[in-house]
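Engineer: One structure is given below, represented as C-alpha cells, and several questions about it will come after.
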2 protein chains.
Amino acid sequence: MSTRSNFKVKKSVTLSGVMAGNSAICSVGREGSELLYRGYNISDLAAACEFEEVAHLLIHGHLPTLSELTHYKRKLQKLRALPRPLQTILEQLPAHAHPMDVIRTACSVLGTLLPEKEEHSLALAQDIADHLLAMLPSALLYWYHFSHRGVRIDVNTADDSLVAHFLQLLHGGRQESSPLWIQSMQASLILYAEHEFNASTFTARMVAGTASDLYSAVTAAIGALRGNKHGGANECALEIQKRYQTAAEAEKDMLLRLENKEVIIGFGHPLYSLFDPRNQMIKEVAKKLSQEAQEMRLFNIAERVETVMWEKKQMFPNLDWYSAVAYHTMEIPTAMFTPIFAMSRITGWCAHALEQRADNKIIRPSANYIGALPQKFIPLKQRK
Amino acid sequence: MSTRSNFKVKKSVTLSGVMAGNSAICSVGREGSELLYRGYNISDLAAACEFEEVAHLLIHGHLPTLSELTHYKRKLQKLRALPRPLQTILEQLPAHAHPMDVIRTACSVLGTLLPEKEEHSLALAQDIADHLLAMLPSALLYWYHFSHRGVRIDVNTADDSLVAHFLQLLHGGRQESSPLWIQSMQASLILYAEHEFNASTFTARMVAGTASDLYSAVTAAIGALRGNKHGGANECALEIQKRYQTAAEAEKDMLLRLENKEVIIGFGHPLYSLFDPRNQMIKEVAKKLSQEAQEMRLFNIAERVETVMWEKKQMFPNLDWYSAVAYHTMEIPTAMFTPIFAMSRITGWCAHALEQRADNKIIRPSANYIGALPQKFIPLKQRK
C-alpha cells in the first residue's frame, strides 16, 4: 500500500492505533495480514468449521468437541421461537423500516422480556448471547414476511444449523438451499464473526464498561454496525458493482472516478498493510457460487475493479467487496446484507462485552476543547 | 484529593485523559472545578434558565431569544403525542421491565416509525433530537401507567414546559407540582444535560462516527447510561442514604465501610480535582425541597456522609448524591432517576453525535493482545 493512501486512511480514523484495553479474543494485522480468533487462524476456521463452532469458540471460549457441538446446536435450535409480545411488536414495525433498526429494536425488546439479572453472572450472560444468536434471525425474518407479505411465518424449522434456518426462513420454502449455499454462508458468517476493537465492538465495550446489561451492549453495537463506514459498506459495495453491465465498462468508469479522487467503498482497511486475509476466502466463495449459478457477470465486474484499484491505488478489497457478490448470487435482498453481518458479529460483540465486564473498567476518554472562550451570560429578556 | 484516591480513580478508567476528538460543546474540569456549556458557566445556566433554553443551546447551538424560546417550547409541546404503533408496543412491555430498557426500546422504535433520511441534514437531525426530547418522557410514563395500573393515559397536557409535563404525567394529576418542584427539576435537568466525553456520550459518538442514524446513537447512549458506574449511580446513591434512620447511624456505619475499603457510589469524579461544581447547586436544591416538605432526615443523612467522606477520604459528592435526595423528596420513584438523567442528557448526546458526524471520522481504537499464541487447528472429530 502506498504511503499516500495509508496516510489518507489513518487521518480519517479517530483513536487509530491507540490501545484502549487488553483483549484475548482476536489478533489482527500483525505481519500485515494476520487474523486469529483466540489463537486460531481464520483460514483454518473458515475452511473447516460450521459457524456454530466459531460461535462457541467466541462466546464460550473454546472450540467444541463433537458432543458439545451437537448439544450447542440443539440448544440454539430450541431458542429460535419468539416470545408472543415480541411478535406483536414486530408486527407494528413498517415495511419501509431499515432491517438493522428492526433487529436493534428486537434486541432491545428482548432486554425487557427476558432481562439480565442485576447480579451479572458469566454463565447467564453467555446464555443471553446464545438467545440473541438464535432469536435475532427469527425476529428479522418474522418482521420481513409480515410487513412485506402480511404472512405470520412459523420460525421453527427442522434445519439444525443457524445458516440453514436463516436461508429457509428467508426464501420461505420457495426453494431448497444448495449444499454450496449452506457451505458459503457458513464461511461468510465465520469471516464476519470477530475483528478486535472495530467500531461496533468497541461500542459494545463502552456500554459494558458502565456495568450495563448485555442487551444494551448488543443493541448499541447493532446501531453502530448500521453505518455506511462500517457494516453498511457491504450494501454499498453491491450498489457500485450493479452500476455496470460489463467488466470493461466498470474499468473505464472506475478510472474516471479515481481521477476525481472518489473514495471507493469496499477497499482498504486501516489494520492491514498487505492484504485483507478474509478477501481471498470470500472471493473463492463468490466465484464458486457464480459458477454454480452459471452467472459470472457480477463476479467479473468485481474482479476487474479489484485489478484497477490495485494497479492504480495499491488498495485491496476488504471482506465486504466479494461478500456482496456472494450474497447477491444467493438471492439475498440487499437490505439483508448488514443484518447478516450482525447475526454473525453478535458472537464477537458478546465475547468483548463480557471481557470488558470482567475487566471492570468504565471507558471515559477526554475531548480536545476547541469551542468558545468563557462567555458572559445574558438573561433571557435581554437577549437579542 | 489525596494522591492515593486520585490514583485509584484513574486506574479504574480506560482511555482516561486520552484525547479522542475535538469538541466545541463542553469544557470541564479546567482549574479543578470548571464546567461550561458552549462557553456558558453552568452556575449561571442552572440559576437563571429553563431547561428548554439549555436544550436549545446544546441542540441548536445558541441560547434562544424570548421569541425563539416561546416558539421552541410550543414546538416541543406539539411533539409530545405518541404514534399509535409505539403505544401498542409500549403496552407489550412488562411492568417489571427496567425503565431505561423501555426508553431504549421507544427510541429504537421511533427510528423505524419516523426514520432519518439517508442523506443526513443538520436541520432534520436537530428536528429528530427535538422529537426525542419531547416524546421519550411521554413514552416512559405511558408505559409506566399502563403496565403498573392498566391505564392508557393521555400524554397531552396543558403544561408548557417539559418539566411540568413530566411531573404532571408522573403524578397523574394526583397533586399539583409546587413552583419549587418545577424550579428544582429545571435546575436538575440543566445540571445533567451535558458532560463532555462521558461514557454514554462517547458511545453516541462511536455510533455517529460510522455514519449511522441519530436514533441508533441515542439508543446506544441510553444503554450505556443505564450502568451503575454511570447514570445508574443516582439510584444507588438513594439506596445508600435509605439504609439509615439517622445521621449519627450513617456516620458510624460509613466509617466502618471505609475501613473495609468499600467504594462509595456518589462520590468523586475523575475530571474534577477540587470539587464537582454541580454539587453545590443540587445540594441547595435538595435542601430547599426538604425544608418545604418539612422532612430533613434524608438530607441530613446525605450531608453527614458528605462530611465523613471529605474528612476521611478527601472525596467530594458528585451530582448524583444530592440528586437522589431531591428526586426522592419530589416523590419520584427510584427507578425513574436514571430515565430523568436520560431525558436531560439527550440534549448533550445529540449535540455530540451531530458534531461527530460533521467531523466525518469513524472511531476505531486498537487492543493490546494478551491472548493465546497461534494454536494448531484440530478438526472437529479429533477434538477431545
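Chain labels follow the order of the C-alpha cells: the first chain is A, the next B, and so on; residue numbering restarts at 1 in every chain, and ligands are counted from 1 in their shown order.
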Compile the residues of chain A that lie within 6 Å of chain B, evaluated using only C-alpha atoms, and express the compilation as a PyMOL selection string.

Structural biologist: chain A and resi 12-24+39-40+65+85+89+92+97+105+108+112+197-199+203+207+210-212+216+220+223-224+226-230+361-375+383-384

Engineer: Would you mind listing what lies within 7 Å of region 287-302 of chain A as JSON, numbers by chain, with only C-alpha atoms counted and same-chain residues fewer than 5 positions away left out?

Structural biologist: {"A": [241, 246, 247, 250, 325, 326, 329]}

Engineer: If you keep all heavy atoms, can you produce a file of those selected residues as an mmCIF file, in the first residue's frame?

Structural biologist:
data_model
loop_
_atom_site.group_PDB
_atom_site.id
_atom_site.type_symbol
_atom_site.label_atom_id
_atom_site.label_comp_id
_atom_site.auth_asym_id
_atom_site.auth_seq_id
_atom_site.Cartn_x
_atom_site.Cartn_y
_atom_site.Cartn_z
ATOM 1 N N GLN A 241 -21.124 -2.301 -7.768
ATOM 2 C CA GLN A 241 -20.989 -3.371 -8.774
ATOM 3 C C GLN A 241 -22.171 -3.381 -9.742
ATOM 4 O O GLN A 241 -22.009 -3.664 -10.935
ATOM 5 C CB GLN A 241 -20.872 -4.731 -8.063
ATOM 6 C CG GLN A 241 -19.605 -4.853 -7.220
ATOM 7 C CD GLN A 241 -19.726 -5.908 -6.114
ATOM 8 O OE1 GLN A 241 -20.730 -6.616 -6.022
ATOM 9 N NE2 GLN A 241 -18.706 -6.003 -5.280
ATOM 10 N N THR A 246 -20.822 -4.511 -17.842
ATOM 11 C CA THR A 246 -19.667 -5.353 -18.187
ATOM 12 C C THR A 246 -18.437 -4.915 -17.392
ATOM 13 O O THR A 246 -18.391 -3.787 -16.879
ATOM 14 C CB THR A 246 -19.293 -5.205 -19.680
ATOM 15 O OG1 THR A 246 -18.870 -3.843 -19.902
ATOM 16 C CG2 THR A 246 -20.474 -5.512 -20.594
ATOM 17 N N ALA A 247 -17.450 -5.825 -17.351
ATOM 18 C CA ALA A 247 -16.200 -5.512 -16.671
ATOM 19 C C ALA A 247 -15.478 -4.350 -17.354
ATOM 20 O O ALA A 247 -14.879 -3.497 -16.696
ATOM 21 C CB ALA A 247 -15.309 -6.757 -16.630
ATOM 22 N N ALA A 250 -17.005 -1.165 -16.256
ATOM 23 C CA ALA A 250 -16.614 -0.887 -14.868
ATOM 24 C C ALA A 250 -15.214 -0.281 -14.824
ATOM 25 O O ALA A 250 -14.969 0.718 -14.139
ATOM 26 C CB ALA A 250 -16.658 -2.177 -14.046
ATOM 27 N N VAL A 325 -21.075 -9.856 -3.736
ATOM 28 C CA VAL A 325 -21.292 -10.758 -4.878
ATOM 29 C C VAL A 325 -21.904 -12.070 -4.396
ATOM 30 O O VAL A 325 -22.883 -12.582 -4.972
ATOM 31 C CB VAL A 325 -19.953 -11.048 -5.609
ATOM 32 C CG1 VAL A 325 -20.159 -12.048 -6.748
ATOM 33 C CG2 VAL A 325 -19.330 -9.755 -6.128
ATOM 34 N N ALA A 326 -21.339 -12.618 -3.317
ATOM 35 C CA ALA A 326 -21.807 -13.917 -2.815
ATOM 36 C C ALA A 326 -23.271 -13.836 -2.389
ATOM 37 O O ALA A 326 -24.083 -14.683 -2.764
ATOM 38 C CB ALA A 326 -20.924 -14.361 -1.637
ATOM 39 N N THR A 329 -25.718 -13.455 -5.252
ATOM 40 C CA THR A 329 -25.872 -14.698 -6.016
ATOM 41 C C THR A 329 -26.794 -15.683 -5.288
ATOM 42 O O THR A 329 -27.490 -16.475 -5.924
ATOM 43 C CB THR A 329 -24.478 -15.329 -6.268
ATOM 44 O OG1 THR A 329 -23.649 -14.334 -6.874
ATOM 45 C CG2 THR A 329 -24.563 -16.524 -7.193
#

Engineer: What's around His145 (chain A) at 10 Å? Count only C-alpha atoms, leave out sequence neighbours fewer than 5 positions away in its own chain, and write the answer as a PyMOL selection string.

Structural biologist: chain A and resi 91+95+140+150-153+169-172

Engineer: Restricting it to C-alpha atoms, dump the selection as a PDB file, in the first residue's frame.

Structural biologist:
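The resulting file, out_24.pdb, is shown below:
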ATOM      1  CA  GLU A  91     -45.994  -6.568  13.541  1.00  0.00           C
ATOM      2  CA  ALA A  95     -42.241  -2.444   5.809  1.00  0.00           C
ATOM      3  CA  LEU A 140     -35.737 -10.272  11.379  1.00  0.00           C
ATOM      4  CA  GLY A 150     -48.772  -9.955   5.584  1.00  0.00           C
ATOM      5  CA  VAL A 151     -47.773 -13.530   6.489  1.00  0.00           C
ATOM      6  CA  ARG A 152     -47.052 -14.715  10.032  1.00  0.00           C
ATOM      7  CA  ILE A 153     -44.348 -17.315   9.424  1.00  0.00           C
ATOM      8  CA  LEU A 169     -36.927 -18.632   6.536  1.00  0.00           C
ATOM      9  CA  LEU A 170     -35.692 -16.052   4.055  1.00  0.00           C
ATOM     10  CA  HIS A 171     -36.623 -17.954   0.934  1.00  0.00           C
ATOM     11  CA  GLY A 172     -39.773 -19.239   2.579  1.00  0.00           C
TER      12      GLY A 172
END

Engineer: Using DSSP assignments from the backbone, pull out every residue in region 267-355 of chain B that falls under helix (DSSP H, G or I) and give it to me as a PyMOL selection string.

Structural biologist: chain B and resi 277-293+297-313+319-329+334-355

Engineer: Mind pulling up the distance from CA of Pro333 (chain B) to CA of His148 (chain B)?

Structural biologist: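 It comes out at 12.5 Å.
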
Engineer: Could you tell me how far CA of Lys117 (chain B) lies from CA of Glu239 (chain A), in Å and to one decimal?

Structural biologist: 17.9 Å

Engineer: Identify, on the basis of only C-alpha atoms, every residue whose closest approach to Ala193 (chain A) does not exceed 8 Å; exclude the query and any residue fewer than 2 positions from it along the same chain; express the result as a list in words.

Structural biologist: Val54, Ala55, Leu189, Ile190, Leu191, His195, Phe341, Ser344, Arg345, Ile346, Thr347 and Gly348 of chain A

Engineer: DSSP on the backbone: what in region 26-228 of chain A comes out strand (DSSP E), as a list of chain:residue names?

Structural biologist: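 Restricting region 26-228 of chain A to strand (DSSP E) produces A:Cys26, A:Ser27, A:Val28, A:Leu35, A:Leu36, A:Tyr37, A:Tyr40, A:Asn41.
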
Engineer: Restrict the selected residues to N, CA, C and O atoms and save them as an mmCIF file, in the first residue's frame.

Structural biologist:
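Once written, part08.cif looks like this:
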data_model
loop_
_atom_site.group_PDB
_atom_site.id
_atom_site.type_symbol
_atom_site.label_atom_id
_atom_site.label_comp_id
_atom_site.auth_asym_id
_atom_site.auth_seq_id
_atom_site.Cartn_x
_atom_site.Cartn_y
_atom_site.Cartn_z
ATOM 1 N N CYS A 26 -8.929 -11.608 19.889
ATOM 2 C CA CYS A 26 -8.596 -11.517 18.462
ATOM 3 C C CYS A 26 -7.245 -10.863 18.276
ATOM 4 O O CYS A 26 -6.924 -9.874 18.923
ATOM 5 N N SER A 27 -6.474 -11.429 17.373
ATOM 6 C CA SER A 27 -5.209 -10.811 16.986
ATOM 7 C C SER A 27 -5.299 -10.488 15.509
ATOM 8 O O SER A 27 -5.634 -11.349 14.696
ATOM 9 N N VAL A 28 -5.045 -9.241 15.156
ATOM 10 C CA VAL A 28 -5.312 -8.799 13.793
ATOM 11 C C VAL A 28 -4.209 -7.901 13.255
ATOM 12 O O VAL A 28 -3.693 -7.045 13.961
ATOM 13 N N LEU A 35 -5.002 -12.800 10.917
ATOM 14 C CA LEU A 35 -6.259 -12.710 11.665
ATOM 15 C C LEU A 35 -6.489 -14.021 12.402
ATOM 16 O O LEU A 35 -6.662 -15.071 11.773
ATOM 17 N N LEU A 36 -6.451 -13.933 13.741
ATOM 18 C CA LEU A 36 -6.649 -15.112 14.582
ATOM 19 C C LEU A 36 -7.816 -14.870 15.531
ATOM 20 O O LEU A 36 -7.912 -13.794 16.114
ATOM 21 N N TYR A 37 -8.696 -15.868 15.688
ATOM 22 C CA TYR A 37 -9.721 -15.819 16.735
ATOM 23 C C TYR A 37 -9.248 -16.728 17.865
ATOM 24 O O TYR A 37 -9.116 -17.942 17.665
ATOM 25 N N TYR A 40 -6.617 -19.119 16.798
ATOM 26 C CA TYR A 40 -6.826 -19.970 15.617
ATOM 27 C C TYR A 40 -6.875 -19.117 14.346
ATOM 28 O O TYR A 40 -7.576 -18.109 14.282
ATOM 29 N N ASN A 41 -6.155 -19.565 13.353
ATOM 30 C CA ASN A 41 -6.101 -18.825 12.095
ATOM 31 C C ASN A 41 -7.457 -18.861 11.390
ATOM 32 O O ASN A 41 -8.077 -19.919 11.259
#

Engineer: Of the candidates A:Thr157, A:Ser147, A:Ser33, A:Gln126, which shows the shortest atom-to-atom distance to Lys78 (chain A), using only C-alpha atoms?

Structural biologist: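 Checking each of A:Thr157, A:Ser147, A:Ser33, A:Gln126 against Lys78 (chain A), counting only C-alpha atoms, the winner is A:Thr157.
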
Engineer: Give me the residues near region 256-266 of chain B as a ChimeraX atom specification, where near means some atom within 9 Å (using only C-alpha atoms) and where sequence neighbours in that chain fewer than 3 positions away do not count.

Structural biologist: /B:228-229,233-234,236-237,240,251-253,269,309,312-313,316-322
